[in-house]
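Here's final_0.txt, which has compact mmCIF, C-alpha atoms:
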```txt
# COMPACT_ATOMS: atom_id res chain seq x y z
CA MET D 1 188.01 114.58 53.02
CA ALA D 2 186.99 118.14 52.27
CA GLN D 3 183.28 118.78 52.11
CA GLN D 4 182.10 120.72 49.14
CA LYS D 5 179.51 123.32 50.09
CA SER D 6 176.72 123.76 47.60
CA LYS D 7 174.20 126.53 47.66
CA PRO D 8 170.63 125.25 47.44
CA LEU D 9 169.64 127.86 44.87
CA ALA D 10 172.88 129.00 43.32
CA LEU D 11 172.27 132.14 41.30
CA PRO D 12 173.97 131.01 38.06
CA ASP D 13 172.02 127.73 38.05
CA THR D 14 168.74 129.49 38.81
CA LEU D 15 169.29 132.07 36.08
CA ARG D 16 170.15 129.33 33.59
CA ASP D 17 166.98 127.40 34.53
CA LEU D 18 164.84 130.50 34.16
CA ALA D 19 166.40 131.24 30.78
CA LEU D 20 165.63 127.70 29.61
CA ILE D 21 162.03 127.96 30.75
CA ARG D 22 161.63 131.29 29.00
CA ALA D 23 163.23 130.03 25.80
CA SER D 24 161.05 126.92 25.71
CA ASP D 25 157.80 128.96 25.65
CA ILE D 26 156.27 126.92 28.46
CA ASP D 27 153.17 128.48 29.97
CA LEU D 28 153.70 127.78 33.67
CA SER D 29 150.23 129.04 34.54
CA ALA D 30 148.78 126.12 32.58
CA LEU D 31 150.37 123.78 35.11
CA LEU D 32 148.39 125.28 37.99
CA PRO D 33 144.79 124.30 38.67
CA ASP D 34 142.13 126.88 37.88
CA GLU D 35 141.48 129.12 40.92
CA ASN D 36 137.72 128.92 40.49
CA GLN D 37 137.88 125.14 40.44
CA ARG D 38 140.04 125.06 43.57
CA ALA D 39 137.66 127.38 45.41
CA ALA D 40 134.68 125.26 44.42
CA ASP D 41 136.45 122.11 45.58
CA GLU D 42 137.49 123.46 48.97
CA PRO D 43 135.15 126.14 50.36
CA GLU D 44 136.83 126.03 53.81
CA VAL D 45 140.19 126.86 52.25
CA SER D 46 138.66 129.65 50.20
CA ASN D 47 136.99 131.11 53.29
CA SER D 48 140.24 130.88 55.23
CA ILE D 49 142.10 132.66 52.44
CA MET D 50 139.51 135.45 52.34
CA GLN D 51 139.78 135.91 56.12
CA SER D 52 143.56 136.02 55.85
CA HIS D 53 143.37 138.70 53.18
CA LYS D 54 141.00 140.76 55.35
CA PHE D 55 143.31 140.38 58.35
CA VAL D 56 146.35 141.48 56.35
CA ALA D 57 144.49 144.47 54.90
CA GLU D 58 143.28 145.60 58.34
CA THR D 59 146.72 145.10 59.86
CA ARG D 60 148.36 147.14 57.12
CA ALA D 61 145.79 149.92 57.61
CA ALA D 62 146.45 149.93 61.36
CA LEU D 63 150.21 150.06 60.84
CA ARG D 64 149.83 152.88 58.31
CA ALA D 65 147.71 154.85 60.77
CA TYR D 66 150.18 154.22 63.60
CA SER D 67 153.21 155.12 61.47
CA SER D 68 151.64 158.32 60.16
CA GLY D 69 151.65 159.91 63.61
CA ASP D 70 147.97 160.83 63.41
CA LEU D 71 147.13 158.66 66.41
CA GLN D 72 149.74 160.36 68.58
CA LYS D 73 148.41 163.79 67.55
CA LYS D 74 144.83 162.78 68.33
CA ASN D 75 145.93 161.34 71.68
CA ALA D 76 147.67 164.61 72.60
CA GLU D 77 144.57 166.58 71.59
CA ILE D 78 142.28 164.32 73.65
CA GLN D 79 144.54 164.67 76.70
CA ARG D 80 144.55 168.46 76.31
CA VAL D 81 140.74 168.56 76.10
CA GLN D 82 140.43 166.24 79.12
CA THR D 83 142.70 168.53 81.12
CA GLU D 84 140.64 171.58 80.13
CA LEU D 85 137.39 169.82 81.04
CA ALA D 86 138.83 168.77 84.40
CA ASP D 87 139.75 172.42 85.05
CA VAL D 88 136.24 173.52 84.09
CA LEU D 89 134.73 170.88 86.38
CA ARG D 90 136.94 172.01 89.27
CA GLY D 91 135.90 175.64 88.61
CA LEU D 92 132.21 174.70 88.66
CA SER D 93 132.47 172.68 91.85
CA SER D 94 134.24 175.42 93.81
```
Here is the file; what I need is its structure written in the form of structure tokens.
Amino acid sequence: MAQQKSKPLALPDTLRDLALIRASDIDLSALLPDENQRAADEPEVSNSIMQSHKFVAETRAALRAYSSGDLQKKNAEIQRVQTELADVLRGLSS
């Protein structure tokens, strides 16, 4: 017996479903609970979500800084200054 493979979210079926939802004028946001009500009901979840957003924002900022090359330039400059200061220190101690 040949098995028929079905895609879990076949594109034609998904597009048809989305078209039906759009044509029926259903407001999907009305099906979701109000965000303010959810936050009031579960302060731990709200706090966890805020911490997650902070973490993501800080991680993105760090990745942007790393990808920009500014850190590598600053590192090279710091190493150059350290080398110069070491030379100055050797000159003073001799």
Just give me the gap between atom CA of D:Arg60 and atom CA of D:Val45 in Å, one decimal is fine.
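Going from atom CA of D:Arg60 over to atom CA of D:Val45 covers 22.4 Å.
A straight line drawn from atom CA of D:Leu18 to atom CA of D:Asp34 is 23.3 Å long.
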Work out how far apart atom CA of D:Ala57 and atom CA of D:Ala76 are and give it in Å to one decimal.
27.0 Å
Let me have the centre and edge lengths in Å, one decimal, of the box along x, y and z around every listed atom of stretch 69-85 of chain D with 8 Å of margin on each side, as JSON.
```
{"center_x": 144.5, "center_y": 165.1, "center_z": 72.3, "size_x": 30.3, "size_y": 28.9, "size_z": 33.7}
```
